[in-house]
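Student: I am attaching a structure below and will ask some questions about it afterwards.
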Amino acid sequence: MKKILTYLIISASIFFLISCDKPAPTQLVDDTNNDYEVELLNKDLENQYYTSGSDTSGITQDLTGITNLISVSGIKITDKLRTRIFSLAQAMFFDKSKPIKYSNGKLLSYQTMIPGIIKFNGTEANIIPYRIRFRDMGMQRDTLVGSKYLLYNIFGGFPDPFYFSYNSSVSFEFTPSIGGNNISFNILTPQEITGSVTLTGKKTNHNLDVELNWNTGETKKISIIIGLIRAGQLSSIPLYRFRTADDGEMKIPSRLLNQIPLDRFEKIVFTFIRSYESYQGNGNNKLLVSSQSIHSLVIEIP
Amino acid sequence: MLSNIKILPQSSFDMNGYFGLQDFISIPFYNYESNPSNYFNTKDWGISLQYGAEFSGSFNSSIYLLAISKRLGDHSLSARYTPGFQKEFLFSTGESIVVNDTTTQSLEANYTYKELFGLGYSYKINEKLSAGLTLRFFEQDFKQQIVKPVFGDTLYLVTETLSEKLNFWKADIGIDYILNDHLQFRLASINLLNFGDDAITEEFQGFEMKQERGAFLAASYFPDDFLNLNFIYETTNSFQISATGNANKFVYGLTTFHDQYQEPYIAGLVPAFGYKTSLFEILLSGVYYFSDRTTEADFSQFYEEGIDNIINNRYSFDKIVLSLGVNISSTEEKKVELIDVEIIREIYPTFYDMYLDKPFATGRVVNISSEQVKVTPSVNIEGITEGKIDSPQILVEPGDTINVPFYLIISENLKLDRATLSNANFYVNVTANQPDDQLQKATLINSENAWDGNVVNLRYFISKEMNFSMNYAKNTFSENKNILDSLPVELYEFEKAKILFNNFVKKMTYVSDPRASVEYVQFPNQTFELKGGDCDDLSVAYCSLLESVGIQTALVDYKGNEELRHVNIMFNTKLSPEKARLITNNDSKYFIRKNEQGKDEIWIPIETTSLSNYNEAWNIAAEKFNREALNNLGLASGKVEIIEVY
């Protein structure tokens, strides 16, 4: 009996030694389209000016000037009183030989240039000064980086006769001032986006809960930007950008809202952006052509 | 977010297949999945190890199970450690964070479901019915990365790993019923009692194992050893069908199963093949799924349908499992059965050594093993024997049924003044350890004065109180010292007998046996105490006196018929026939018998019930002996028998 037990214990020990594996795991691949990507847009909640490429109008701008930009947008802004509709077209071209830097030497942007005449839907774009405001060494600064092309329409044709049509196209024409061929093409526009927000809980209780819904479209992904507005101010501070499937619904992880000091802010802005983007050219001539349907909802934080 | 995942931790599926309630192999009983009633066929200690490997593209081997069982009479206990009973899922949470403006980091989650150990208990209510329960401990280990804002001087998004361990116990009960050699049933619960932790972290809620209650019914049909058919039906609408059997020392089985949560309809097969000796068992089994199994799967299906079992679900891989079982038993495997015992002889405590030669009972023993065995019958009678009394070994061929005798030794010092009923425990042993089988019978033990009517057995009464007789004779001789001193040596025996008898009869009266139904014989001291007795008692008392002083005696049994039966005695005068004239001139008053050396010696009969004097008792006895033993040819016909006391 003793012998048997000894053999048994030795055999079991050997088995244990060679059997250190565990059953194989199963990797589950997400096929639900419920995934999302989150990006922090602004590390400084005191800085109401964008430096990271987005503002709450949803316009994507690469201020470091790596790409030149042609952008057309259909914009709706809804607050508790009404919804205002905007059409906007703009273009910016950067001179990569003229950088603008922060005090610490970090690149902020490049100076812009005006290479010719630009028309959107046949209307010549205005050339206006292009200023950016940013925070540097704790101080607010306002810098003129050059000029840009702009057409916008706020009240049914005022001030510019430019109208953005959803699910359609905007024609673009460029006539260079220093010779060369004219360039023209159509910019396809996305389907109109209309969002809604269900906001529950209280910021004082740190239990805000947000569910977002929108009309689904044919784009694969949409962007949702969350920004905050201080009491008595109009401009918002962009905080997060989410990229998620254009499937009409998303729940914002509550910890992303409730773990920031919301008591400093009065309103929260949710901006739904459905866009088409394409790049043309490369190197210093790389050009981003973007058309966007934007809907921003401004809501008082309960 | 994910609140409808159906992760059931149990069904009746196990990795050996279902073998029913058979006695051949014990390995399948360590699977609480199909054996929640903890039914075991081990006789003492049992140990089992299940070691196996999954074919998941790579070769993952692990110890699935290490278990121990112990039988304590009708109680069975078991415990098992199940390090290989686990299923791990790795998946993306769907959340990703943009870092350094361009790089995206996806957040991962890891959910592991484990059954760590279990305990089982069952009670055999009778040969047909047993019931039991099993208690199992599960652990759920959840880990998930999340993105979280941290606000200081500036705002950061950081990734953090949430983790939570949830433990719970579950208990199930089952009843096993063996209707006959061919039909067996099992009814058992699934997730009857569940108690433990609930997920606190919101992210993990909904991923816990679901504990939906259910039950399963199993039925087995055993037409013979070669082919057994088993069927299990679960209330989840899953079922298993198996064909099993054994031949010589080999066991085999093939189980097929339909799992409500797996495709196709018949989800897979569990073949098994094993070998068994008296000490160990080995069973090689496998699980083969008819659907393709890969290490990647869609989250949406996992979310919508979940899994129903840790070791058998849509994400399980084909397996091969080597199961080892060791049966360590201080109770050897039963090789013989004691079918019945017949008491063939009543027990008379005074006949203390009679049952050494003559069995008092016989038992019918069958050799159920496949080998020739030596059976040792033994018996223990409460209050009668001092421990078990072994009878000689008997050889029994495989399959044979024979009668075995049970012999007995009764303590000489046993005192029983009246008949009692005692339990006699009969055993048959093949080895020196535990009996293979035993049987108990109530047995009548007569009082110490009871006699079976066989005159041969009066010698037990004669010898019982020899010290008393010796003292009595010595005292009598002391009183007659002068007579004895003046006698010739040749007449010592004759005169001693005469002195003793004349003294004896003065104190005695004849009293017939007061007990009508059972022969009753007094010991010599009782006869002297009661101052009388019947022919048996007086013959016993006088014989005892003579024997105590070295005079050889014999009992003369006049059988006649039952009512007229009579006993007197004769004794050896040690005189040679030539010296007969020293005691009588009448040749018919003595008889010549040869001693052990072949020398003739004179014996004279004495009628102990003739309580007048020695000569008259002699005359009466001689006359009776001549008439019935010689003239009527009683000795020749057997109607008269002379029985040596020693």
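Labels used: A, B, ... for chains in the order of the structure tokens, numbers from 1 for residues in each chain, and numbers from 1 for ligands as shown.
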Which residues of chain B have any atom within 6 Å of an atom in chain A when counting only C-alpha atoms, and what is the closest pair of atoms for each, with the distance in Å to one decimal? Order the rows by chain and rising number and write it as CSV.
Tutor:
```
residue,atom,partner,partner_atom,distance
B:Asn60,CA,A:Pro23,CA,5.8
B:Ser61,CA,A:Asp21,CA,5.6
B:Ser62,CA,A:Ser19,CA,4.8
B:Glu88,CA,A:Pro25,CA,4.7
B:Phe89,CA,A:Thr26,CA,5.0
B:Leu90,CA,A:Gln27,CA,4.7
B:Phe91,CA,A:Leu28,CA,4.7
B:Gly94,CA,A:Asp35,CA,3.7
B:Glu95,CA,A:Tyr36,CA,5.2
B:Ser96,CA,A:Glu37,CA,4.5
B:Ile97,CA,A:Val38,CA,4.8
B:Val98,CA,A:Glu39,CA,4.9
B:Lys148,CA,A:Leu256,CA,5.9
B:Pro149,CA,A:Leu256,CA,5.8
B:Thr154,CA,A:Asp44,CA,5.2
B:Leu155,CA,A:Lys43,CA,4.5
B:Thr295,CA,A:Thr26,CA,4.9
B:Glu296,CA,A:Gln27,CA,4.7
B:Ala297,CA,A:Leu28,CA,4.9
B:Asp298,CA,A:Val29,CA,5.0
B:Phe299,CA,A:Leu28,CA,5.0
B:Ser300,CA,A:Thr32,CA,5.9
```
Student: Near range 272-279 of chain B, counting only C-alpha atoms, which residues have an atom at most 6 Å away, once you skip same-chain residues fewer than 6 positions from it, shown as a list in words?
Tutor: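 The filter keeps Lys249, Phe250, Val251, Tyr252, Gly253, Ser285, Val326 and Asn327 of chain B.
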Student: Which neighbours of Ile551 in chain B fall inside 10 Å, counting only C-alpha atoms, when residues of the same chain fewer than 3 positions from it are skipped, and could you give them as a PyMOL selection string?
Tutor: chain B and resi 492-494+496-497+543-548+571-574
Student: Measuring atom to atom with only C-alpha atoms, identify which of B:Thr376, B:Ser238, B:Gln145, B:Ser323 is nearest to Asn16 in chain B.
Tutor: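 So, comparing all the options, the nearest one is B:Ser323.
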Student: Which residue, B:Tyr265, B:Phe85, B:Tyr542, B:Phe207, has the smallest gap to Met470 in chain B when you use only C-alpha atoms?
Tutor: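 The shortest atom-to-atom distance to Met470 in chain B comes from B:Tyr542.
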Student: Going by DSSP on the backbone, which bits of range 273-442 of chain B are strand (DSSP E)? Write them as number ranges by chain, please.
Tutor: B: 273-276, 280-289, 296-298, 318-328, 336-343, 361-367, 373-381, 389-390, 394-396, 401-406, 420-429, 437-442
Student: Determine which residues of range 11-220 of chain A DSSP labels as alpha helix (DSSP H) from the backbone of this structure, then write them out as a list in words.
Tutor: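 Selection result, alpha helix (DSSP H) within range 11-220 of chain A: Ser11, Ala12, Ser13, Ile14, Phe15, Phe16, Leu17 and Ile18 of chain A.
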Student: Write a file of the selected residues as a PDB file, in the first residue's frame, keeping C-alpha atoms.
Tutor:
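Saved to result.pdb:
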```
ATOM      1  CA  SER A  11       3.310  10.364 -10.730  1.00  0.00           C
ATOM      2  CA  ALA A  12       0.920  13.132  -9.734  1.00  0.00           C
ATOM      3  CA  SER A  13       3.813  15.492  -9.026  1.00  0.00           C
ATOM      4  CA  ILE A  14       5.326  14.824 -12.447  1.00  0.00           C
ATOM      5  CA  PHE A  15       1.981  15.486 -14.060  1.00  0.00           C
ATOM      6  CA  PHE A  16       1.708  18.776 -12.216  1.00  0.00           C
ATOM      7  CA  LEU A  17       5.176  19.810 -13.308  1.00  0.00           C
ATOM      8  CA  ILE A  18       4.602  19.144 -16.969  1.00  0.00           C
TER       9      ILE A  18
END
```
Student: Would you kindly return, as a ChimeraX atom specification, each protein, DNA or RNA residue with an atom no farther than 10 Å from any atom of His566 in chain B, considering only C-alpha atoms and excluding same-chain residues fewer than 6 positions away?
Tutor: /B:455,534-536,556-560,640
Student: Could the residues in this selection be written to a file with C-alpha atoms, as a tab-separated table (two decimals), in the first residue's frame?
Tutor:
```tsv
chain	number	residue	atom	x	y	z
B	455	VAL	CA	-25.99	-40.89	25.54
B	534	ASP	CA	-33.18	-39.76	37.08
B	535	CYS	CA	-31.13	-42.47	35.45
B	536	ASP	CA	-29.12	-39.97	33.41
B	556	VAL	CA	-24.82	-48.58	28.71
B	557	ASP	CA	-27.52	-47.15	26.49
B	558	TYR	CA	-30.67	-49.26	26.45
B	559	LYS	CA	-32.39	-47.59	23.55
B	560	GLY	CA	-35.66	-49.54	23.48
B	640	VAL	CA	-28.03	-51.64	23.39
```
Student: Would you mind listing what lies within 12 Å of Asp340 in chain B as an MDAnalysis selection string, with only C-alpha atoms counted and same-chain residues fewer than 4 positions away left out?
Tutor: chainID B and resid 361:366 401:405 425:428 437:441
Student: How would the residues just picked look written out with N, CA and C atoms as a PDB file, in the first residue's frame?
Tutor:
```pdb
ATOM      1  N   ALA B 361     -23.696 -25.647  11.543  1.00  0.00           N
ATOM      2  CA  ALA B 361     -24.428 -24.983  10.464  1.00  0.00           C
ATOM      3  C   ALA B 361     -23.684 -25.185   9.147  1.00  0.00           C
ATOM      4  N   THR B 362     -24.422 -25.094   8.052  1.00  0.00           N
ATOM      5  CA  THR B 362     -23.780 -25.102   6.737  1.00  0.00           C
ATOM      6  C   THR B 362     -24.274 -23.884   5.948  1.00  0.00           C
ATOM      7  N   GLY B 363     -23.367 -23.327   5.180  1.00  0.00           N
ATOM      8  CA  GLY B 363     -23.737 -22.169   4.367  1.00  0.00           C
ATOM      9  C   GLY B 363     -23.529 -22.474   2.891  1.00  0.00           C
ATOM     10  N   ARG B 364     -24.335 -21.774   2.071  1.00  0.00           N
ATOM     11  CA  ARG B 364     -24.154 -21.925   0.619  1.00  0.00           C
ATOM     12  C   ARG B 364     -23.348 -20.738   0.113  1.00  0.00           C
ATOM     13  N   VAL B 365     -22.212 -21.051  -0.483  1.00  0.00           N
ATOM     14  CA  VAL B 365     -21.275 -20.014  -0.911  1.00  0.00           C
ATOM     15  C   VAL B 365     -21.078 -20.118  -2.418  1.00  0.00           C
ATOM     16  N   VAL B 366     -21.116 -18.952  -3.090  1.00  0.00           N
ATOM     17  CA  VAL B 366     -20.874 -18.947  -4.527  1.00  0.00           C
ATOM     18  C   VAL B 366     -19.638 -18.100  -4.814  1.00  0.00           C
ATOM     19  N   THR B 401     -21.034 -23.084  -6.763  1.00  0.00           N
ATOM     20  CA  THR B 401     -21.749 -22.878  -5.508  1.00  0.00           C
ATOM     21  C   THR B 401     -21.580 -24.139  -4.673  1.00  0.00           C
ATOM     22  N   ILE B 402     -21.107 -23.982  -3.444  1.00  0.00           N
ATOM     23  CA  ILE B 402     -20.875 -25.163  -2.602  1.00  0.00           C
ATOM     24  C   ILE B 402     -21.422 -24.915  -1.202  1.00  0.00           C
ATOM     25  N   ASN B 403     -21.541 -26.051  -0.437  1.00  0.00           N
ATOM     26  CA  ASN B 403     -21.913 -25.938   0.969  1.00  0.00           C
ATOM     27  C   ASN B 403     -20.637 -25.897   1.795  1.00  0.00           C
ATOM     28  N   VAL B 404     -20.575 -24.947   2.710  1.00  0.00           N
ATOM     29  CA  VAL B 404     -19.402 -24.877   3.592  1.00  0.00           C
ATOM     30  C   VAL B 404     -19.885 -25.097   5.025  1.00  0.00           C
ATOM     31  N   PRO B 405     -19.096 -25.883   5.830  1.00  0.00           N
ATOM     32  CA  PRO B 405     -19.483 -26.135   7.219  1.00  0.00           C
ATOM     33  C   PRO B 405     -18.993 -25.025   8.148  1.00  0.00           C
ATOM     34  N   ASN B 425     -23.262 -14.616  13.742  1.00  0.00           N
ATOM     35  CA  ASN B 425     -22.762 -13.917  12.555  1.00  0.00           C
ATOM     36  C   ASN B 425     -21.858 -14.851  11.769  1.00  0.00           C
ATOM     37  N   PHE B 426     -22.285 -15.146  10.563  1.00  0.00           N
ATOM     38  CA  PHE B 426     -21.532 -16.059   9.702  1.00  0.00           C
ATOM     39  C   PHE B 426     -20.754 -15.238   8.670  1.00  0.00           C
ATOM     40  N   TYR B 427     -19.504 -15.584   8.474  1.00  0.00           N
ATOM     41  CA  TYR B 427     -18.647 -14.858   7.530  1.00  0.00           C
ATOM     42  C   TYR B 427     -18.012 -15.827   6.541  1.00  0.00           C
ATOM     43  N   VAL B 428     -17.741 -15.295   5.363  1.00  0.00           N
ATOM     44  CA  VAL B 428     -16.886 -16.031   4.437  1.00  0.00           C
ATOM     45  C   VAL B 428     -15.776 -15.083   3.983  1.00  0.00           C
ATOM     46  N   ASP B 437     -18.304 -11.560   2.520  1.00  0.00           N
ATOM     47  CA  ASP B 437     -19.752 -11.494   2.711  1.00  0.00           C
ATOM     48  C   ASP B 437     -20.064 -11.972   4.120  1.00  0.00           C
ATOM     49  N   GLN B 438     -21.198 -11.620   4.615  1.00  0.00           N
ATOM     50  CA  GLN B 438     -21.593 -12.066   5.936  1.00  0.00           C
ATOM     51  C   GLN B 438     -23.107 -12.157   6.022  1.00  0.00           C
ATOM     52  N   LEU B 439     -23.539 -12.912   6.994  1.00  0.00           N
ATOM     53  CA  LEU B 439     -24.979 -13.129   7.134  1.00  0.00           C
ATOM     54  C   LEU B 439     -25.259 -13.376   8.608  1.00  0.00           C
ATOM     55  N   GLN B 440     -26.344 -12.872   9.093  1.00  0.00           N
ATOM     56  CA  GLN B 440     -26.672 -13.035  10.505  1.00  0.00           C
ATOM     57  C   GLN B 440     -27.928 -13.874  10.651  1.00  0.00           C
ATOM     58  N   LYS B 441     -27.895 -14.802  11.624  1.00  0.00           N
ATOM     59  CA  LYS B 441     -29.084 -15.624  11.879  1.00  0.00           C
ATOM     60  C   LYS B 441     -29.287 -15.753  13.373  1.00  0.00           C
TER      61      LYS B 441
END
```
